[in-house]
Every structure is written in C-alpha cells, then in structure tokens.
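Visitor: My questions will all concern the structure given below.
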Amino acid sequence: MSERNEFEAIVIGAGQAGPGIAAAKAQQGKRTALIELDRVGGTCLNHGCKPTKALRASAVIARHVQRGPEYGVHVDGTVRIEFGEAIRRVHTMIDTMRRSLQDWLDGVDGLEQFAGVARLETVPGGPHLVHLDTQTLSAPEVYLDLGGRAAVPPIPGLSEVDFLTEVELLNLSDLPEHLVIVGGGYIGCEFAQIFRRFGSTVTIFAGERVAAREDADISELVAGILTDEGIRIVPGRTSSVAAHADGVAVTAGEETVVGSHVLVATGRTSNVDLLGDAHGLAVNARGFIEIDDRFATSVPGVWALGDVNGHGAFTHTAYQDSQILLEPSRSLAGRVTTYAMFTDPPLGRVGMTVAEARTSGRRVLKAEVPMSSVSRAILDGETEGVMRILVDADSEEIIGATILGLHGDDLIQILSFAMQAGVRYPQIRDALPIHPTMAEFIPSILGSLQPL
Ligand SMILES: Cc1cc2nc3c(=O)[nH]c(=O)nc-3n(C[C@H](O)[C@H](O)[C@H](O)COP(=O)(O)OP(=O)(O)OC[C@H]3O[C@@H](n4cnc5c(N)ncnc54)[C@H](O)[C@@H]3O)c2cc1C
Ligand SMILES: NC(=O)c1ccc[n+]([C@@H]2O[C@H](COP(=O)([O-])OP(=O)(O)OC[C@H]3O[C@@H](n4cnc5c(N)ncnc54)[C@H](O)[C@@H]3O)[C@@H](O)[C@H]2O)c1
C-alpha cells in the first residue's frame, strides 16, 4: 500500500449522510476519501425526493389551472401542459443543486474524491481496505452511506420487457400515453397523480391496497383522491408482464391492462451487495446492515448510515444519522420518525397508526376531524382528507398522528416536534391557535378525545 492510498477516514456513498461526514472528518484534520459510484447527491437529489417534488409542483399548477373556474378564475384560450418543458425545468434545477454540492465538496480542504464502485474488505484490527477498479485505499475508519435502488420483483416476463424505475421515468422527455404502475406505495401514488395531471392515462396495480402501510381507511381515502382524478386502481399483485404490440401487458389475476410504459415501484433493495463478499458485516434478512444506536456495525471501525442501516427510509432520517454521528452525546434511541407522502393533498404521518395503537396494550384515546369540517379547508376548496391524533390515556403523551389534507406534510410536524419534546396533550389543547388556519384544529380536536 503506497502512502498515497493510506487515509484516516473513508466514506463510501455521497448521498444524504456521506458528504457531511466526509467534510467533518476532513475538517477535523483527518486525511479523508469520499467515494461515489454515480453522481453526488445520491437518490434524493438525482432521482428521488427533489426531482419528484419539482415535477409535482408543475402538476399542482396544472391542477389549479384546471380548477380555476370553481373559484371564478377563467383562463381564456388554450391551456397546454408541456411535459417536456416541465421535465426540463426539473433537470435544470437538479443540475444546479448537484453542481452546488459538488462545488462545496471540491472546496473542503483535505477531502479527496474518488469515482467508482467501492468494494470493502474488512481486516481484523484494521485498517480496512477499500478496493476500486485500479487501486486500493485503506483507513482505520470507514463510513458507509450506500442507500438503495428499486427492487425488481420476480414477476414472470418482467425482465423481458423495457420496464422503468424512477430513474428512467424521470429521464423521459415525452409524456407516456398510458403509464402502468406496479406497486401502490409512496412512489407509485406520487408518480400516478403527477403523470395523470400531465395527461397520461394511469393504472396502478396496487398489490394489497394503495399506501398499504397506513390504516385501511386512510388507504381508502387516498384511493378515492386518486380515482377521482381518473386514475384506475387494480387490486392484487401483478402476476405477469409481457410485451404487447401496443406496449406492455400487465396482469393481476383475471385483469390485464396494456400500457405504453410500465413503472416498477414495489419497494427498495439495499446496495450492500455492491460492497462485494469480503465486507464481513452482519446484515439482516432484509439486506440492511446491523448497527447499534451510534451506527457502529458488527465490525469495529465501520459505521453505517442512511437507508442502508434500515432505521429510516427517508432523506431526513439519513441526513439526521450524520448529524447524530457527529455529536457524541446523541444517539438513535428515541428518534420520532415522521414522514409525508407528497400526493396532493399530502399525507403526513408520525408514530402509531390506529391498527398499531390497538395492539399496543395501551389505553388509547383518539381525536379526529374530516377536512370537510375544517374551516380553512372549506374556504380553500380543499376538503379531502382527515386529521387524526392518538393519545395515551394514562401518560397523556401523543403517540401517533395522521394528517391527510391541505398542508398535511407541514402540519404533522407540529405533532412530531411535540412528541420529540415529550409534551403532554393538554399543553397543545390549551394553546391559542390562529383562525382560520389548518393548524387551528389540532388544539380543538384534542378537546374531544374519545376511547379508541
Ligand atoms: C422516487 C423517490 C422519491 C422519494 N421521495 C422522498 C421524499 O419526498 N422525501 C424523503 O425523505 N425521501 C424520499 N425518498 C427516499 C430518499 O431518496 C432516500 O431515503 C434517501 O436518498 C436515502 O439517503 P441515503 O444517503 O441513505 O442513500 P442515497 O441517497 O441512495 O445515497 C447513497 C449513495 O451511495 C452510492 N453508493 C452505493 N454503493 C456504493 C459503492 N459500493 N461505492 C460507491 N458508491 C456507492 C450511491 O451511488 C448513492 O449515490 C424518495 C425515493 C425515491 C426513489
Ligand atoms: N414521500 C416520501 O418520503 C417518499 C416518496 C417516495 C419514496 N420514498 C421512499 O422510497 C421507499 C420505496 O417506495 P415504494 O413506493 O417503491 O415502496 P413501498 O414499499 O412503499 O410500496 C411498495 C408497494 O408495492 C406492492 N407490491 C409489491 N409487489 C407487488 C406486485 N407484484 N404487484 C403489485 N404490487 C406489489 C407492495 O405490497 C407495497 O404496497 C419508501 O419506503 C420510502 O422510504 C419516500
């Protein structure tokens, strides 16, 4: 090993956790390597959160324009939705953000960047070895921010057609005529609504049901929002896929739908396999690297952050992993995981679902209001959805919340911050809310809790 390749810290993956760790290690004066096989910014920046939410912004505007007459706003002349322009807007924005991240990394003193697939060979007592195509690096500290990729389910015929994952879908320049989506999770629902609003025919093969991680009644509300916009939801697991003269035929049970494009959105798989077979790390049955509360893996000197440790599946969890790691007094224990599905209206979620609360063994109280009773939602003409809060009757802690509706993605954070701070529900119930806002119903429904 030449001295040139001996580092004090190596970070593999420049996604949501890697860049911050790499910069911090370099700033601590450690000679640090950051290795990325693709583009900096990982899934979120290149083909995840950010491009989808930028594209969603165009889809939301399209919807507002279409709904204008309901509000007395008429756009005279033709309204055209140009998918090509919308996707170019997305790419321009993402390119700028990626350049800015790259410029920031390039400016970190003591940080050396490498391109390629890193294979890890752990060595008892360290330093560990990281192999690239033409060279091997070593370091006593290795940080893994490997993320994941679309899982490709073993559906007969799928591998023989040109199916899309989110990567290819976001690289289309022409609008699909009929987008068939296999999987009704967050990716399936978000893309379904976006492409429908641009004018595609959209069919979701939803598996069990859309948004299946949520309570069944919430899934039903989400399904209603999507079907009201003309999206067809076919229940059941996709059993076969085949090439067809008009595109691709997708079948579940008795139902076959022929689409021009098929998107596979049936979950994610971890990138741990890319490390090769000499990493020696304990990996669980789902492919996640096992860690303790401070991200230490089963091999001393190796830490795992972000999606690959299975303790979060979001950008904010991956990024927070890096913040926790860098502050020795913090740990993963007690993190209140919260997330949103960015349909329009969005679904905000934190803590337990009703189904989980029922089996928790706690005495649980529930407060709920349909958005059709929330003044601001009525005034804004956005009455789909529901606001629901679950409380532990004995400890008075908030233990879960679901907000499907206008600003649900932001409103939910009032509750997640309260949960993180250990606030008792009467403190929020007795707060003074502003009228007429969506948040005003959070205190008011906490005054009408009922046993679950
Ligand atoms: C379509 C879509 C929409 C999403 N929307 C949201 C959203 O709205 N909000 C949200 O919070 N989350 C969203 N997510 C999830 C979010 O993108 C991920 O949770 C997040 O990117 C995980 O960050 P990470 O750092 O763990 O991994 P990643 O961002 O995937 O980064 C890992 C990096 O490691 C690199 N890498 C892996 N193995 C190696 C190796 N051996 N050598 C070198 N480099 C390697 C990869 O190339 C990648 O760049 C979305 C995901 C998708 C697919
Ligand atoms: N807003 C957000 O934060 C956001 C948005 C998109 C993605 N993500 C992240 O990406 C991850 C993956 O999202 P996803 O939607 O791919 O996965 P998911 O796990 O949320 O949903 C996949 C769905 O596909 C179904 N399915 C599996 N096999 C099927 C088959 N053969 N036929 C029909 N349906 C089938 C499953 O039952 C499941 O309901 C999420 O867990 C999340 O962490 C986050």
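Ligands are numbered from 1 in the order shown, chains are lettered A, B, ... in the order of the structure tokens, and residues start at 1 in each chain.
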Quick one: everything within 8 Å of stretch 148-158 of chain A, counting only C-alpha atoms, minus sequence neighbours fewer than 4 positions away in the same chain. Send it as an MDAnalysis selection string.
Guide: chainID A and resid 43 163 165:166 238:242 264:271 307:308
Visitor: Using DSSP on the backbone coordinates, identify all residues within stretch 200-442 of chain A classified as helix (DSSP H, G or I); present the result as a PyMOL selection string.
Guide: chain A and resi 216-228+271-275+306-309+315-326+354-358+371-373+375-379+408-421+425-429+441-442
Visitor: As a VMD selection string, please: the residues near stretch 56-62 of chain A (cut-off 8 Å, only C-alpha atoms, same-chain neighbours under 3 positions excluded).
Guide: chain A and resid 52 to 53 65 to 66 81 86 194 to 195 197 to 198 344
Visitor: For the atom pair atom CA of A:Gly280 and atom CA of A:Gly125, what is the interatomic distance in Å to one decimal place?
Guide: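 Between these atoms lies a distance of 13.0 Å.
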Visitor: Could you list, as a PyMOL selection string, all residues that come within 8 Å of ligand 2? Count only C-alpha atoms and all ligand atoms.
Guide: chain A and resi 48-49+150-151+153-155+182-190+205-213+235-239+252+264-268+312-315+339-342
Visitor: Please produce a file of those selected residues containing C-alpha atoms, as a PDB file, in the first residue's frame.
Guide:
```pdb
ATOM      1  CA  GLY A  48     -35.800  10.806  -5.647  1.00  0.00           C
ATOM      2  CA  CYS A  49     -37.295  13.479  -3.443  1.00  0.00           C
ATOM      3  CA  ALA A 150     -35.550  -0.045  -6.890  1.00  0.00           C
ATOM      4  CA  ALA A 151     -36.243  -3.681  -6.029  1.00  0.00           C
ATOM      5  CA  PRO A 153     -39.677  -8.311  -8.111  1.00  0.00           C
ATOM      6  CA  PRO A 154     -39.533 -11.775  -9.718  1.00  0.00           C
ATOM      7  CA  ILE A 155     -42.694 -11.256 -11.789  1.00  0.00           C
ATOM      8  CA  VAL A 182     -46.720  -1.863 -10.428  1.00  0.00           C
ATOM      9  CA  GLY A 183     -46.871  -1.048  -6.700  1.00  0.00           C
ATOM     10  CA  GLY A 184     -49.121   1.383  -4.851  1.00  0.00           C
ATOM     11  CA  GLY A 185     -46.654   2.673  -2.212  1.00  0.00           C
ATOM     12  CA  TYR A 186     -45.369   6.239  -1.892  1.00  0.00           C
ATOM     13  CA  ILE A 187     -43.529   6.141  -5.213  1.00  0.00           C
ATOM     14  CA  GLY A 188     -46.497   4.623  -7.048  1.00  0.00           C
ATOM     15  CA  CYS A 189     -49.055   7.070  -5.640  1.00  0.00           C
ATOM     16  CA  GLU A 190     -46.904  10.183  -6.092  1.00  0.00           C
ATOM     17  CA  PHE A 205     -51.557  -2.344  -9.844  1.00  0.00           C
ATOM     18  CA  ALA A 206     -51.755  -1.747  -6.126  1.00  0.00           C
ATOM     19  CA  GLY A 207     -50.931  -5.075  -4.549  1.00  0.00           C
ATOM     20  CA  GLU A 208     -52.968  -5.317  -1.353  1.00  0.00           C
ATOM     21  CA  ARG A 209     -54.070  -1.648  -1.487  1.00  0.00           C
ATOM     22  CA  VAL A 210     -52.532   1.780  -2.083  1.00  0.00           C
ATOM     23  CA  ALA A 211     -50.476   3.240   0.789  1.00  0.00           C
ATOM     24  CA  ALA A 212     -50.646  -0.175   2.421  1.00  0.00           C
ATOM     25  CA  ARG A 213     -48.505   0.841   5.407  1.00  0.00           C
ATOM     26  CA  PRO A 235     -56.164  -4.522  -6.689  1.00  0.00           C
ATOM     27  CA  GLY A 236     -53.988  -7.616  -6.450  1.00  0.00           C
ATOM     28  CA  ARG A 237     -50.356  -8.481  -7.014  1.00  0.00           C
ATOM     29  CA  THR A 238     -49.058  -8.345 -10.543  1.00  0.00           C
ATOM     30  CA  SER A 239     -48.665 -11.958 -11.695  1.00  0.00           C
ATOM     31  CA  ALA A 252     -53.007  -9.388 -11.934  1.00  0.00           C
ATOM     32  CA  VAL A 264     -41.845  -0.789 -11.194  1.00  0.00           C
ATOM     33  CA  ALA A 265     -42.341   0.718  -7.717  1.00  0.00           C
ATOM     34  CA  THR A 266     -42.538  -2.290  -5.411  1.00  0.00           C
ATOM     35  CA  GLY A 267     -40.054  -1.202  -2.763  1.00  0.00           C
ATOM     36  CA  ARG A 268     -36.300  -0.713  -2.459  1.00  0.00           C
ATOM     37  CA  GLY A 312     -35.146   5.080   8.217  1.00  0.00           C
ATOM     38  CA  ALA A 313     -36.032   5.212   4.548  1.00  0.00           C
ATOM     39  CA  PHE A 314     -36.017   8.932   4.016  1.00  0.00           C
ATOM     40  CA  THR A 315     -33.662  11.778   3.267  1.00  0.00           C
ATOM     41  CA  TYR A 339     -42.692  11.345   7.008  1.00  0.00           C
ATOM     42  CA  ALA A 340     -45.001  12.543   4.287  1.00  0.00           C
ATOM     43  CA  MET A 341     -46.367  11.119   1.083  1.00  0.00           C
ATOM     44  CA  PHE A 342     -46.464  14.023  -1.335  1.00  0.00           C
TER      45      PHE A 342
END
```
Visitor: So that I can see what lies close to A:Ala304, please list as a PyMOL selection string the residues with an atom at most 6 Å from it, counting only C-alpha atoms and leaving out residues fewer than 4 positions away in the same chain.
Guide: chain A and resi 143-144+295+309
Visitor: Could you check which of A:Pro124, A:Gly68, A:Gly334, A:Pro346 is closest to ligand 1, using only C-alpha atoms and all ligand atoms?
Guide: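 The answer is A:Pro346, which sits nearest to ligand 1.
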Visitor: Pick out the closest residue to ligand 1 from this set: A:Ile181, A:Ala139, A:Ala318, A:Val248. Count only C-alpha atoms and all ligand atoms.
Guide: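 Checking each candidate against ligand 1, we get A:Ala318 as the closest.
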Visitor: List the spatial neighbours of stretch 420-426 of chain A as a PyMOL selection string - criterion: any atom at most 12 Å away, only C-alpha atoms, same-chain residues fewer than 3 positions off excluded.
Guide: chain A and resi 333-338+350-351+365-367+389-400+413-417+429-431+442-449
